[in-house]
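Asks: What follows is a structure written as structure tokens; I'll ask about it next.
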Amino acid sequence: MTAFTVALVLVVAAAGLLRWRRPAWYWLAFGVTLAALRVLVRYRSVMDACGLTVPPARWRLSLARATNRPIPEPRPPRIRRLRPTRTGLVLRLKLRPGQDVFDIAAASDRLRHSFSMFGVTSREVRSGVVEVRMTGYDVLKRVQMPAETETRAMRVPVALREDGSVHYRDYRAIPHALTLGATESGKSVYQRNLVAGLAPLDVALVGIDCKQGVELFPLARRFSALADSPDTAAELLDALVARMADVYRLIRTQQRITVDVPDAEIAADIWDLPDELRPTPVVVLVDEVAELALYATKEEERRRDQIITALVRLAQLGRAAGIYLEICGQRFGSELGKGITMLRAQLTGRTAHRLNDETSANMAFGDIAPDAVLAAIQIPAELRGLAIAGDASGGWHRIRAPHTSLRQAVNLCNRYSDMTPDLPELAPFRPTTGSATELVPSVKASPATA
């Protein structure tokens, strides 16, 4: 009996230590079993308390009265599947007649408390079927991406969502995106994860970094073109617009619109072209868009209008030509001048880290998901990397990218430097990579050390 007591105390102590230091290990070792039993045992009573049950059918009531049996209880949604995951539980429910998916979404917070879970989210799989994802611990506190992710052309994993699923950046589905974040909010780490995910793919990376290139030039071996000033950025964007026109001419010559050609083989963008003719897709990363929109003289104003016009053109027409935009900045508002609101309307994907003002949050989500604005301005300063991600569909999620140091991103870009495409239109902007001694500025020796 004494040995059993000692063993029980050791198991409880180990479980408590794991829950404190390694919540993921605790969940896989103890939490998933306890949570599954808790859900199955409490399910009917919790659904009844949350108002997620429906009265029994009339024929059941009539049959009970005819046979002098007890009146049937209200019926909750039927559990079709209960699947444990590395971060929580996935519950697939079949709704009863008269129930709605919004009823489950409205009761998410009550379900979280009733089942003693960290978070509960729901989504409609198809008509009458709802998937409820429950997380057993705070997956965004220490982000650990799964070992295997679903990767395909122009789709890369960049962060982890609050429900434990992977957040992907899919350029085929959402061609252009806007990423906002104040200083020390984690925006640069998100950008590094994006570059690291794109590095192994057959894609050309084009960077515009007006902070003299301090953010993107360390990754230069994987970039086909880089600009470190507004003047160079204007020339680079004009070259991209010219490339877009050339790609459209290629698509026009290869459309093959004849009677005997199936509809699915008619080319309308680069992905409909044969592999040997398909141009390399281009991802354009703008590190600080406000630097491109500010001006102090008439000459700078003309340059600014040229840059914004080129960006709007690429955002409106670049998708079919395989040119995708990633616009990043600390501040994004209508005070940046004409054309900014038009540019924002073309940026379907929106990601907002911690912001210093509500106006930027409104520019990010005010036109697609007003309830995400409040979530964006409530991100605490100590949670660097936490962000709100949404798109034009109105849905949004809390995400957090895993910490990737600049050295890790540089090593990945250097490893895949042989995959950097050489585009003739962008050859004048190809970065030159020299040795470390060439990049470090010389410092004049002080009199004491001379």
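In the structure tokens, chains take letters A, B, ... by order of appearance, with residues numbered from 1 within each chain and ligands from 1 in the order shown.
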Per DSSP on the backbone, what are the strand (DSSP E or B) residues of segment 175-395 of chain A, as a short mmCIF file (atom, residue, chain, number, x, y, z; two decimals) with N, CA, C and O atoms, in the first residue's frame?

Replies:
data_model
loop_
_atom_site.label_atom_id
_atom_site.label_comp_id
_atom_site.auth_asym_id
_atom_site.auth_seq_id
_atom_site.Cartn_x
_atom_site.Cartn_y
_atom_site.Cartn_z
N ALA A 177 -1.53 40.53 -49.95
CA ALA A 177 -1.79 40.62 -48.52
C ALA A 177 -1.15 41.87 -47.94
O ALA A 177 -0.17 42.40 -48.46
N LEU A 178 -1.72 42.32 -46.81
CA LEU A 178 -1.22 43.46 -46.06
C LEU A 178 -0.87 43.00 -44.65
O LEU A 178 -1.68 42.35 -43.98
N THR A 179 0.34 43.31 -44.20
CA THR A 179 0.82 42.93 -42.87
C THR A 179 1.23 44.19 -42.13
O THR A 179 2.11 44.93 -42.59
N LEU A 180 0.60 44.44 -40.98
CA LEU A 180 0.88 45.63 -40.20
C LEU A 180 1.40 45.22 -38.83
O LEU A 180 1.08 44.15 -38.32
N ALA A 204 10.39 33.42 -57.66
CA ALA A 204 11.34 34.53 -57.60
C ALA A 204 10.93 35.49 -56.50
O ALA A 204 9.75 35.89 -56.43
N LEU A 205 11.85 35.86 -55.65
CA LEU A 205 11.60 36.79 -54.56
C LEU A 205 12.15 38.16 -54.94
O LEU A 205 13.30 38.27 -55.37
N VAL A 206 11.32 39.18 -54.78
CA VAL A 206 11.70 40.56 -55.06
C VAL A 206 11.44 41.36 -53.80
O VAL A 206 10.33 41.31 -53.24
N GLY A 207 12.44 42.09 -53.34
CA GLY A 207 12.31 42.83 -52.09
C GLY A 207 12.48 44.32 -52.28
O GLY A 207 13.29 44.77 -53.11
N ILE A 208 11.71 45.09 -51.51
CA ILE A 208 11.83 46.54 -51.45
C ILE A 208 11.97 46.91 -49.98
O ILE A 208 11.01 46.77 -49.21
N PHE A 223 17.17 36.26 -53.27
CA PHE A 223 16.35 37.27 -53.92
C PHE A 223 16.84 37.51 -55.34
O PHE A 223 18.04 37.64 -55.59
N SER A 224 15.89 37.60 -56.26
CA SER A 224 16.22 37.92 -57.65
C SER A 224 16.40 39.41 -57.88
O SER A 224 17.03 39.80 -58.86
N ALA A 225 15.81 40.24 -57.02
CA ALA A 225 15.95 41.68 -57.15
C ALA A 225 15.69 42.31 -55.79
O ALA A 225 14.83 41.84 -55.03
N LEU A 226 16.44 43.37 -55.50
CA LEU A 226 16.28 44.09 -54.24
C LEU A 226 16.45 45.58 -54.49
O LEU A 226 17.28 46.00 -55.31
N ALA A 227 15.66 46.37 -53.79
CA ALA A 227 15.75 47.83 -53.85
C ALA A 227 15.85 48.36 -52.43
O ALA A 227 15.08 47.93 -51.56
N VAL A 282 6.35 35.42 -59.16
CA VAL A 282 7.15 36.42 -58.44
C VAL A 282 6.38 36.86 -57.21
O VAL A 282 5.19 37.17 -57.28
N VAL A 283 7.05 36.87 -56.06
CA VAL A 283 6.49 37.41 -54.82
C VAL A 283 7.26 38.67 -54.47
O VAL A 283 8.49 38.64 -54.32
N VAL A 284 6.55 39.78 -54.36
CA VAL A 284 7.15 41.08 -54.08
C VAL A 284 6.91 41.41 -52.61
O VAL A 284 5.76 41.50 -52.17
N LEU A 285 7.98 41.59 -51.85
CA LEU A 285 7.88 41.93 -50.43
C LEU A 285 8.28 43.38 -50.23
O LEU A 285 9.43 43.76 -50.52
N VAL A 286 7.34 44.20 -49.76
CA VAL A 286 7.60 45.60 -49.46
C VAL A 286 7.70 45.72 -47.95
O VAL A 286 6.73 45.51 -47.23
N ILE A 323 2.28 37.45 -60.30
CA ILE A 323 2.98 38.44 -59.47
C ILE A 323 2.12 38.70 -58.24
O ILE A 323 0.97 39.12 -58.36
N TYR A 324 2.69 38.45 -57.06
CA TYR A 324 1.95 38.54 -55.81
C TYR A 324 2.62 39.54 -54.88
O TYR A 324 3.85 39.62 -54.82
N LEU A 325 1.82 40.29 -54.15
CA LEU A 325 2.31 41.38 -53.30
C LEU A 325 2.20 41.02 -51.82
O LEU A 325 1.18 40.47 -51.39
N GLU A 326 3.24 41.34 -51.08
CA GLU A 326 3.24 41.28 -49.61
C GLU A 326 3.61 42.68 -49.12
O GLU A 326 4.78 43.05 -49.10
N ILE A 327 2.61 43.45 -48.74
CA ILE A 327 2.82 44.83 -48.31
C ILE A 327 2.91 44.86 -46.79
O ILE A 327 1.97 44.43 -46.10
N CYS A 328 4.02 45.34 -46.25
CA CYS A 328 4.22 45.39 -44.80
C CYS A 328 4.44 46.84 -44.38
O CYS A 328 4.92 47.67 -45.17
N GLY A 329 4.10 47.14 -43.14
CA GLY A 329 4.32 48.48 -42.63
C GLY A 329 3.93 48.61 -41.18
O GLY A 329 3.19 47.78 -40.63
N GLY A 349 -5.71 39.47 -48.22
CA GLY A 349 -5.27 38.97 -46.93
C GLY A 349 -4.83 40.10 -46.01
O GLY A 349 -4.16 41.04 -46.43
N ARG A 350 -5.21 40.01 -44.75
CA ARG A 350 -4.86 41.05 -43.77
C ARG A 350 -4.29 40.37 -42.52
O ARG A 350 -4.89 39.44 -41.98
N THR A 351 -3.15 40.87 -42.07
CA THR A 351 -2.53 40.40 -40.83
C THR A 351 -2.09 41.61 -40.03
O THR A 351 -1.38 42.47 -40.56
N ALA A 352 -2.51 41.67 -38.78
CA ALA A 352 -2.19 42.82 -37.93
C ALA A 352 -1.58 42.32 -36.63
O ALA A 352 -2.22 41.58 -35.88
N LEU A 386 2.23 37.68 -31.70
CA LEU A 386 0.79 37.40 -31.74
C LEU A 386 0.13 38.37 -32.72
O LEU A 386 0.43 39.56 -32.74
N ALA A 387 -0.75 37.84 -33.57
CA ALA A 387 -1.36 38.66 -34.61
C ALA A 387 -2.77 38.18 -34.88
O ALA A 387 -3.17 37.08 -34.50
N ILE A 388 -3.52 39.03 -35.57
CA ILE A 388 -4.87 38.71 -36.05
C ILE A 388 -4.78 38.59 -37.56
O ILE A 388 -4.31 39.51 -38.24
N ALA A 389 -5.23 37.47 -38.09
CA ALA A 389 -5.19 37.23 -39.54
C ALA A 389 -6.61 37.03 -40.05
O ALA A 389 -7.40 36.28 -39.46
N GLY A 390 -6.94 37.72 -41.13
CA GLY A 390 -8.26 37.61 -41.73
C GLY A 390 -8.18 37.78 -43.23
O GLY A 390 -7.11 38.04 -43.80
#

Asks: Nearest to Arg38 of chain A: which of A:Leu383, A:Leu111, A:Ala220, A:Ala159 is it, counting only C-alpha atoms?

Replies: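 Under the stated criterion, the closest residue is A:Leu111.
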
Asks: For Arg80 of chain A, which residue among A:Val54, A:Ser114, A:Glu131, A:Ile104 is the nearest when counting only C-alpha atoms?

Replies: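 Under the stated criterion, the closest residue is A:Glu131.
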
Asks: Residues within 10 Å of Ala375 of chain A, please, as number ranges by chain. Count only C-alpha atoms; anything in the same chain fewer than 2 positions from it doesn't count.

Replies: A: 352, 354, 361, 370-373, 377-379, 387-388, 396-398

Asks: Got time to write the residues from that selection, C-alpha atoms, as a CSV table (one decimal), in the first residue's frame?

Replies:
chain,number,residue,atom,x,y,z
A,352,ALA,CA,-2.2,42.8,-37.9
A,354,ARG,CA,0.3,44.9,-32.1
A,361,ALA,CA,-6.5,48.5,-37.2
A,370,PRO,CA,-15.2,44.9,-37.8
A,371,ASP,CA,-15.1,42.6,-34.7
A,372,ALA,CA,-11.4,41.9,-35.5
A,373,VAL,CA,-10.5,45.5,-35.0
A,377,ILE,CA,-5.8,46.6,-30.6
A,378,GLN,CA,-6.0,44.4,-27.5
A,379,ILE,CA,-2.8,42.5,-28.3
A,387,ALA,CA,-1.4,38.7,-34.6
A,388,ILE,CA,-4.9,38.7,-36.0
A,396,TRP,CA,-10.3,35.9,-38.7
A,397,HIS,CA,-8.0,34.0,-36.4
A,398,ARG,CA,-5.4,34.7,-33.8

Asks: As a VMD selection string, please: all residues of segment 227-356 of chain A that backbone DSSP puts in alpha helix (DSSP H).

Replies: chain A and resid 230 to 253 289 to 293 298 to 317 340 to 346

Asks: So that I can check the surroundings of Thr135 of chain A, please list as a PyMOL selection string every protein, DNA and RNA residue that reaches within 9 Å of it, counting only C-alpha atoms and ignoring chain neighbours fewer than 5 positions away.

Replies: chain A and resi 85+87-90+117-121+162-164

Asks: Next, write the just-selected residues to a file, as a PDB file, in the first residue's frame, keeping N, CA and C atoms as the atom set.

Replies:
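As written to disk, again29.pdb reads:
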ATOM      1  N   THR A  85      -6.084  15.279 -31.019  1.00  0.00           N
ATOM      2  CA  THR A  85      -4.972  15.838 -31.776  1.00  0.00           C
ATOM      3  C   THR A  85      -3.841  16.173 -30.822  1.00  0.00           C
ATOM      4  N   THR A  87      -2.888  18.985 -29.968  1.00  0.00           N
ATOM      5  CA  THR A  87      -3.168  20.193 -29.197  1.00  0.00           C
ATOM      6  C   THR A  87      -4.529  20.182 -28.526  1.00  0.00           C
ATOM      7  N   GLY A  88      -5.401  19.243 -28.862  1.00  0.00           N
ATOM      8  CA  GLY A  88      -6.733  19.255 -28.269  1.00  0.00           C
ATOM      9  C   GLY A  88      -7.618  18.146 -28.799  1.00  0.00           C
ATOM     10  N   LEU A  89      -8.882  18.436 -28.942  1.00  0.00           N
ATOM     11  CA  LEU A  89      -9.872  17.483 -29.432  1.00  0.00           C
ATOM     12  C   LEU A  89     -10.645  18.116 -30.585  1.00  0.00           C
ATOM     13  N   VAL A  90     -11.038  17.278 -31.532  1.00  0.00           N
ATOM     14  CA  VAL A  90     -11.885  17.715 -32.642  1.00  0.00           C
ATOM     15  C   VAL A  90     -13.178  16.933 -32.555  1.00  0.00           C
ATOM     16  N   MET A 117     -11.691  23.358 -21.042  1.00  0.00           N
ATOM     17  CA  MET A 117     -10.710  23.437 -22.111  1.00  0.00           C
ATOM     18  C   MET A 117     -10.176  24.862 -22.207  1.00  0.00           C
ATOM     19  N   PHE A 118      -9.052  25.029 -22.903  1.00  0.00           N
ATOM     20  CA  PHE A 118      -8.465  26.361 -23.015  1.00  0.00           C
ATOM     21  C   PHE A 118      -9.195  27.215 -24.045  1.00  0.00           C
ATOM     22  N   GLY A 119      -9.602  26.619 -25.146  1.00  0.00           N
ATOM     23  CA  GLY A 119     -10.290  27.368 -26.191  1.00  0.00           C
ATOM     24  C   GLY A 119     -11.199  26.469 -26.998  1.00  0.00           C
ATOM     25  N   VAL A 120     -12.271  27.037 -27.528  1.00  0.00           N
ATOM     26  CA  VAL A 120     -13.236  26.306 -28.352  1.00  0.00           C
ATOM     27  C   VAL A 120     -13.591  27.171 -29.546  1.00  0.00           C
ATOM     28  N   THR A 121     -13.449  26.634 -30.737  1.00  0.00           N
ATOM     29  CA  THR A 121     -13.868  27.302 -31.966  1.00  0.00           C
ATOM     30  C   THR A 121     -14.691  26.307 -32.789  1.00  0.00           C
ATOM     31  N   GLU A 162      -4.839  29.707 -33.063  1.00  0.00           N
ATOM     32  CA  GLU A 162      -5.185  29.472 -31.665  1.00  0.00           C
ATOM     33  C   GLU A 162      -5.929  28.160 -31.451  1.00  0.00           C
ATOM     34  N   ASP A 163      -6.510  27.584 -32.509  1.00  0.00           N
ATOM     35  CA  ASP A 163      -7.175  26.295 -32.371  1.00  0.00           C
ATOM     36  C   ASP A 163      -6.235  25.122 -32.632  1.00  0.00           C
ATOM     37  N   GLY A 164      -4.941  25.394 -32.803  1.00  0.00           N
ATOM     38  CA  GLY A 164      -3.957  24.334 -32.996  1.00  0.00           C
ATOM     39  C   GLY A 164      -3.701  23.971 -34.443  1.00  0.00           C
TER      40      GLY A 164
END

Asks: For segment 274-276 of chain A, work out the shell of residues within 12 Å, counting only C-alpha atoms and skipping chain neighbours fewer than 2 positions away, then give it as JSON, numbers by chain.

Replies: {"A": [202, 250, 251, 254, 255, 256, 265, 266, 267, 269, 270, 271, 272, 278, 279, 280]}

Asks: Between atom CA of Glu124 of chain A and atom CA of Met47 of chain A, what is the spacing in Å?

Replies: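 These atoms are spaced 17.9 Å apart.
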
Asks: Excluding Arg86 of chain A and any residue of its chain fewer than 2 positions from it, enumerate the residues within 8 Å of it, using only C-alpha atoms, and give them as a list in words.

Replies: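 Once the nearby chain positions are removed, what remains is Ala24, Trp27, Leu28, Pro84 and Gly88 of chain A.
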
Asks: Those same residues - N, CA and C atoms - I'd like them written as a tab-separated table (two decimals), in the first residue's frame.

Replies:
chain	number	residue	atom	x	y	z
A	24	ALA	N	2.50	20.68	-23.74
A	24	ALA	CA	2.24	19.78	-24.86
A	24	ALA	C	2.47	18.33	-24.46
A	27	TRP	N	-0.33	17.21	-22.21
A	27	TRP	CA	-1.57	16.93	-22.94
A	27	TRP	C	-1.52	15.54	-23.59
A	28	LEU	N	-0.41	15.21	-24.21
A	28	LEU	CA	-0.30	13.91	-24.87
A	28	LEU	C	-0.26	12.76	-23.87
A	84	PRO	N	-8.79	12.91	-31.12
A	84	PRO	CA	-7.76	13.64	-30.38
A	84	PRO	C	-6.66	14.13	-31.33
A	88	GLY	N	-5.40	19.24	-28.86
A	88	GLY	CA	-6.73	19.26	-28.27
A	88	GLY	C	-7.62	18.15	-28.80

Asks: State, in Å with one decimal place, the distance from atom CA of Pro230 of chain A to atom CA of Arg192 of chain A.

Replies: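 Going from atom CA of Pro230 of chain A over to atom CA of Arg192 of chain A covers 22.1 Å.
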
Asks: Neighbours of Ser185 of chain A within 6 Å (only C-alpha atoms; same-chain residues fewer than 3 positions away dropped), as an MDAnalysis selection string?

Replies: chainID A and resid 181:182 353:354 384:385

Asks: Please produce a file of those selected residues containing C-alpha atoms, as a CSV table (one decimal), in the first residue's frame.

Replies:
chain,number,residue,atom,x,y,z
A,181,GLY,CA,2.7,45.8,-36.9
A,182,ALA,CA,4.4,48.4,-34.6
A,353,HIS,CA,0.3,42.5,-35.1
A,354,ARG,CA,0.3,44.9,-32.1
A,384,ARG,CA,5.5,39.5,-29.5
A,385,GLY,CA,4.5,37.7,-32.6
